[in-house]
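*Asks:* There's a structure below that I have some questions on.
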Amino acid sequence: MLPVSRPSIGSEELEEVKKVFDTGWLGLGSTVFEFENAVKEYLGAKNVIAVNTGTTALHIALDAFGITEGDEVIVPSLTFCASIQVITALRAIPVFCEVDPDTLNIDINDLRKRITPKIKAIMPIHYCGNACDMDALMEIGKNHNIVIIEDAAHAFGSSYKGKKIGSFGDVTCFSFDPIKNITCGEGGAVALSDDDVAEEIRRKRILGIDKDTWHRYKNKRSWFYEVTTQGYRYHMSNINAAIGLAQLKKISVFIEKKRKIVATYNEGFRNLKGIKILNWNHDETVPFTYMIRVLDGRRGEMMDFLNEKGVGTGVHYIPNHLQPFFKPFSTPLPITEQVGEEILTLPLYYDMTENDIEFVIQSVRAFF
Ligand SMILES: *Cc1c(COP(=O)(O)O)cnc(C)c1O
């Protein structure tokens, strides 16, 4: 069975991890700082703070930008439930909005209709790695004094109009979980330009402990530290950072291969009437995942057919406004509900062979 996704890891990652073992310092330390610097340089970002998951990156970013009880956050319903859980964790209110069915990115016109004085943040998701309309989002943010917190879990390495995602917005959150564009095993990062908020995030990731007071008193009183803000235990470990360092070195070959697979799929599916392929920004996107929309209510049927043949499939994602826990925030979203019944994720990962790719295409074609 071809899986939908799989990390590409090997001896390079093990070697970096071994270096950490040799130092005996497994937690937050110099390997994490090295990884942060490497990511910062790769993205061209001003500040990068590494954390232990993409979910905690989003949570800590919302918290550091002051999102709190009763604040409202506009977010597409079509996303991983992590995007919503971090909002409700702060007792803030998710205001669900529609997506554009051709890209699955946030629908800017629908978003505009949902703006009120209670909206404190907007969380766009760069779906499958394709960037959202950042010009429009940043303009809306500026005009209404709303922070744009990008969920870029799918989009590490992608660009928008020649600029890397994470190098220019208010704040951008990445995930390095096992199946993301690069992995740390588990991991995440926050990228932003505001130095003060970046410092706040650095304190928050390690229980609100102020490193500056720690350093100031270190010589005289080595045991002294101050807790200055609400914090969490969200820091990345040296072990995870080591995996990330090895992965980052391979990213350009990952990108080239995954772009080629997407182009081959798009070509292979082009004239099939029963499905819709997404609009891809080929030159600027690092494809995270590949999904089609199966029309005429035939997704379940196609899923069974492909699984029977040995092609793994998935649904990314079930709309969140339909989830039991998010019912209190539910609102009718006809486009999202329609698309949510059509999307079907097909295998896409670096180690796929030419035969694997051809097999997926032929299997989908065979269904029709
Ligand atoms: C993966 C993902 C997350 C969460 O990242 P983790 O590292 O798994 O916690 C958040 N949002 C989206 C859209 C994701 O795909």
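Within each chain, counting starts at residue 1; across the structure tokens, chains are named A, B, ... in the order shown, with ligands numbered 1 upward in that order.
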Compile the contact shell of Gln323 in chain A as an MDAnalysis selection string: residues with an atom at most 12 Å away, counting only C-alpha atoms, same-chain residues fewer than 4 positions apart removed.

*Replies:* chainID A and resid 77:81 84:85 317:319 327:331 337

*Asks:* Now that the selection is made, can you save its residues with C-alpha atoms as a short mmCIF file (atom, residue, chain, number, x, y, z; two decimals), in the first residue's frame?

*Replies:*
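Everything below was put into part_21.cif:
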```
data_model
loop_
_atom_site.label_atom_id
_atom_site.label_comp_id
_atom_site.auth_asym_id
_atom_site.auth_seq_id
_atom_site.Cartn_x
_atom_site.Cartn_y
_atom_site.Cartn_z
CA SER A 77 -13.19 26.02 8.82
CA LEU A 78 -11.24 23.86 6.36
CA THR A 79 -7.97 23.32 8.24
CA PHE A 80 -6.35 20.91 10.68
CA CYS A 81 -8.20 21.07 14.01
CA ILE A 84 -8.96 25.97 16.02
CA GLN A 85 -7.87 24.30 19.27
CA TYR A 317 -9.56 17.95 6.44
CA ILE A 318 -13.08 17.50 7.84
CA PRO A 319 -14.48 21.05 8.21
CA LYS A 327 -20.49 23.28 17.49
CA PRO A 328 -20.97 26.43 19.62
CA PHE A 329 -19.11 28.40 16.92
CA SER A 330 -20.76 26.72 13.95
CA THR A 331 -22.31 28.69 11.11
CA GLU A 337 -19.31 21.82 3.27
#
```

*Asks:* If DSSP is run on the backbone, what residues of range 34-180 of chain A are alpha helix (DSSP H)? A reply as a ChimeraX atom specification would be ideal.

*Replies:* /A:34-43,54-64,82-89,108-113,134-144

*Asks:* Based on DSSP run over this structure's backbone, return all residues of range 91-312 of chain A in strand (DSSP E), as JSON, numbers by chain.

*Replies:* {"A": [93, 94, 95, 96, 97, 119, 120, 121, 122, 147, 148, 149, 150, 151, 159, 160, 163, 164, 171, 172, 173, 174, 175, 188, 189, 190, 191, 192, 209, 210, 226, 227, 275, 276, 277, 290, 291, 292, 293, 294]}

*Asks:* Any idea what's packed within 6 Å of Gly129 in chain A, counting only C-alpha atoms, ignoring anything in its chain fewer than 5 positions away? Could you give it as JSON, numbers by chain?

*Replies:* {"A": [154, 155, 285, 286, 287, 288]}

*Asks:* Give me a file of those residues, with N, CA, C and O atoms, as an mmCIF file, in the first residue's frame.

*Replies:*
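Below is the file that was written, result.cif:
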```
data_model
loop_
_atom_site.group_PDB
_atom_site.id
_atom_site.type_symbol
_atom_site.label_atom_id
_atom_site.label_comp_id
_atom_site.auth_asym_id
_atom_site.auth_seq_id
_atom_site.Cartn_x
_atom_site.Cartn_y
_atom_site.Cartn_z
ATOM 1 N N HIS A 154 1.850 24.077 6.210
ATOM 2 C CA HIS A 154 1.991 23.404 4.918
ATOM 3 C C HIS A 154 3.059 24.060 4.040
ATOM 4 O O HIS A 154 3.325 23.558 2.957
ATOM 5 N N ALA A 155 3.561 25.205 4.440
ATOM 6 C CA ALA A 155 4.213 26.083 3.460
ATOM 7 C C ALA A 155 5.659 26.436 3.770
ATOM 8 O O ALA A 155 6.160 27.452 3.275
ATOM 9 N N THR A 285 5.699 27.446 -5.003
ATOM 10 C CA THR A 285 5.145 26.589 -3.956
ATOM 11 C C THR A 285 6.013 25.367 -3.685
ATOM 12 O O THR A 285 6.487 24.720 -4.602
ATOM 13 N N VAL A 286 6.200 25.077 -2.401
ATOM 14 C CA VAL A 286 6.744 23.781 -2.000
ATOM 15 C C VAL A 286 5.523 22.918 -1.712
ATOM 16 O O VAL A 286 4.835 23.140 -0.730
ATOM 17 N N PRO A 287 5.207 21.959 -2.590
ATOM 18 C CA PRO A 287 3.975 21.187 -2.388
ATOM 19 C C PRO A 287 4.073 20.333 -1.127
ATOM 20 O O PRO A 287 4.988 19.527 -0.991
ATOM 21 N N PHE A 288 3.130 20.549 -0.209
ATOM 22 C CA PHE A 288 3.106 19.757 1.020
ATOM 23 C C PHE A 288 2.319 18.479 0.802
ATOM 24 O O PHE A 288 2.742 17.385 1.170
#
```

*Asks:* Once you count only C-alpha atoms and all ligand atoms, what closest atom pair and distance in Å to one decimal does each residue of chain A within 6 Å of ligand 1 have, with rows by chain and rising residue number, as CSV?

*Replies:*
```
residue,atom,partner,partner_atom_place_in_ligand_line,distance
A:Thr53,CA,ligand 1,7 (O),3.9
A:Gly54,CA,ligand 1,7 (O),3.4
A:Thr55,CA,ligand 1,9 (O),3.7
A:Thr79,CA,ligand 1,13 (C),5.2
A:Phe80,CA,ligand 1,13 (C),4.7
A:Ala82,CA,ligand 1,10 (C),5.1
A:Ser83,CA,ligand 1,11 (N),5.2
A:Asp151,CA,ligand 1,11 (N),5.8
A:Ala153,CA,ligand 1,14 (C),4.7
A:His154,CA,ligand 1,15 (O),5.6
A:Ser175,CA,ligand 1,7 (O),4.2
A:Phe176,CA,ligand 1,7 (O),5.5
A:Asp177,CA,ligand 1,7 (O),4.5
A:Gly187,CA,ligand 1,7 (O),5.6
A:Gly188,CA,ligand 1,7 (O),5.7
```

*Asks:* Suppose we keep N, CA, C and O atoms; can you now write the selection as a PDB file, in the first residue's frame?

*Replies:*
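Dumped everything to out.pdb:
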```pdb
ATOM      1  N   THR A  53       6.133  21.948  18.672  1.00  0.00           N
ATOM      2  CA  THR A  53       5.207  21.513  17.616  1.00  0.00           C
ATOM      3  C   THR A  53       4.695  22.744  16.849  1.00  0.00           C
ATOM      4  O   THR A  53       4.862  23.885  17.307  1.00  0.00           O
ATOM      5  N   GLY A  54       4.052  22.494  15.721  1.00  0.00           N
ATOM      6  CA  GLY A  54       3.408  23.578  14.982  1.00  0.00           C
ATOM      7  C   GLY A  54       2.224  24.134  15.754  1.00  0.00           C
ATOM      8  O   GLY A  54       1.928  25.326  15.704  1.00  0.00           O
ATOM      9  N   THR A  55       1.545  23.243  16.472  1.00  0.00           N
ATOM     10  CA  THR A  55       0.405  23.669  17.283  1.00  0.00           C
ATOM     11  C   THR A  55       0.843  24.658  18.357  1.00  0.00           C
ATOM     12  O   THR A  55       0.209  25.708  18.555  1.00  0.00           O
ATOM     13  N   THR A  79      -9.358  23.340   7.801  1.00  0.00           N
ATOM     14  CA  THR A  79      -7.967  23.325   8.242  1.00  0.00           C
ATOM     15  C   THR A  79      -7.820  22.185   9.237  1.00  0.00           C
ATOM     16  O   THR A  79      -8.806  21.575   9.663  1.00  0.00           O
ATOM     17  N   PHE A  80      -6.583  21.896   9.629  1.00  0.00           N
ATOM     18  CA  PHE A  80      -6.354  20.910  10.683  1.00  0.00           C
ATOM     19  C   PHE A  80      -6.942  21.470  11.986  1.00  0.00           C
ATOM     20  O   PHE A  80      -6.847  22.664  12.238  1.00  0.00           O
ATOM     21  N   ALA A  82      -5.949  21.649  14.801  1.00  0.00           N
ATOM     22  CA  ALA A  82      -4.985  22.370  15.647  1.00  0.00           C
ATOM     23  C   ALA A  82      -5.171  23.880  15.544  1.00  0.00           C
ATOM     24  O   ALA A  82      -5.067  24.598  16.548  1.00  0.00           O
ATOM     25  N   SER A  83      -5.476  24.367  14.332  1.00  0.00           N
ATOM     26  CA  SER A  83      -5.651  25.817  14.128  1.00  0.00           C
ATOM     27  C   SER A  83      -6.780  26.354  15.003  1.00  0.00           C
ATOM     28  O   SER A  83      -6.739  27.500  15.434  1.00  0.00           O
ATOM     29  N   ASP A 151      -0.896  30.448   9.575  1.00  0.00           N
ATOM     30  CA  ASP A 151      -0.637  29.032   9.795  1.00  0.00           C
ATOM     31  C   ASP A 151       0.059  28.527   8.531  1.00  0.00           C
ATOM     32  O   ASP A 151      -0.589  28.206   7.533  1.00  0.00           O
ATOM     33  N   ALA A 153       1.933  25.848   8.335  1.00  0.00           N
ATOM     34  CA  ALA A 153       2.348  24.464   8.584  1.00  0.00           C
ATOM     35  C   ALA A 153       2.578  23.698   7.278  1.00  0.00           C
ATOM     36  O   ALA A 153       3.416  22.803   7.216  1.00  0.00           O
ATOM     37  N   HIS A 154       1.850  24.077   6.210  1.00  0.00           N
ATOM     38  CA  HIS A 154       1.991  23.404   4.918  1.00  0.00           C
ATOM     39  C   HIS A 154       3.059  24.060   4.040  1.00  0.00           C
ATOM     40  O   HIS A 154       3.325  23.558   2.957  1.00  0.00           O
ATOM     41  N   SER A 175       5.332  24.153  11.014  1.00  0.00           N
ATOM     42  CA  SER A 175       5.348  22.854  11.680  1.00  0.00           C
ATOM     43  C   SER A 175       6.442  21.992  11.070  1.00  0.00           C
ATOM     44  O   SER A 175       6.652  22.018   9.860  1.00  0.00           O
ATOM     45  N   PHE A 176       7.138  21.262  11.927  1.00  0.00           N
ATOM     46  CA  PHE A 176       8.125  20.286  11.448  1.00  0.00           C
ATOM     47  C   PHE A 176       7.761  18.898  11.966  1.00  0.00           C
ATOM     48  O   PHE A 176       8.620  18.148  12.421  1.00  0.00           O
ATOM     49  N   ASP A 177       6.475  18.583  11.933  1.00  0.00           N
ATOM     50  CA  ASP A 177       6.039  17.251  12.376  1.00  0.00           C
ATOM     51  C   ASP A 177       6.463  16.218  11.321  1.00  0.00           C
ATOM     52  O   ASP A 177       7.005  16.578  10.278  1.00  0.00           O
ATOM     53  N   GLY A 187       8.216  19.273  15.816  1.00  0.00           N
ATOM     54  CA  GLY A 187       8.791  20.602  16.013  1.00  0.00           C
ATOM     55  C   GLY A 187       7.961  21.668  15.346  1.00  0.00           C
ATOM     56  O   GLY A 187       7.037  21.384  14.586  1.00  0.00           O
ATOM     57  N   GLY A 188       8.291  22.909  15.656  1.00  0.00           N
ATOM     58  CA  GLY A 188       7.611  24.045  15.049  1.00  0.00           C
ATOM     59  C   GLY A 188       8.479  25.276  15.190  1.00  0.00           C
ATOM     60  O   GLY A 188       9.537  25.232  15.833  1.00  0.00           O
TER      61      GLY A 188
END
```
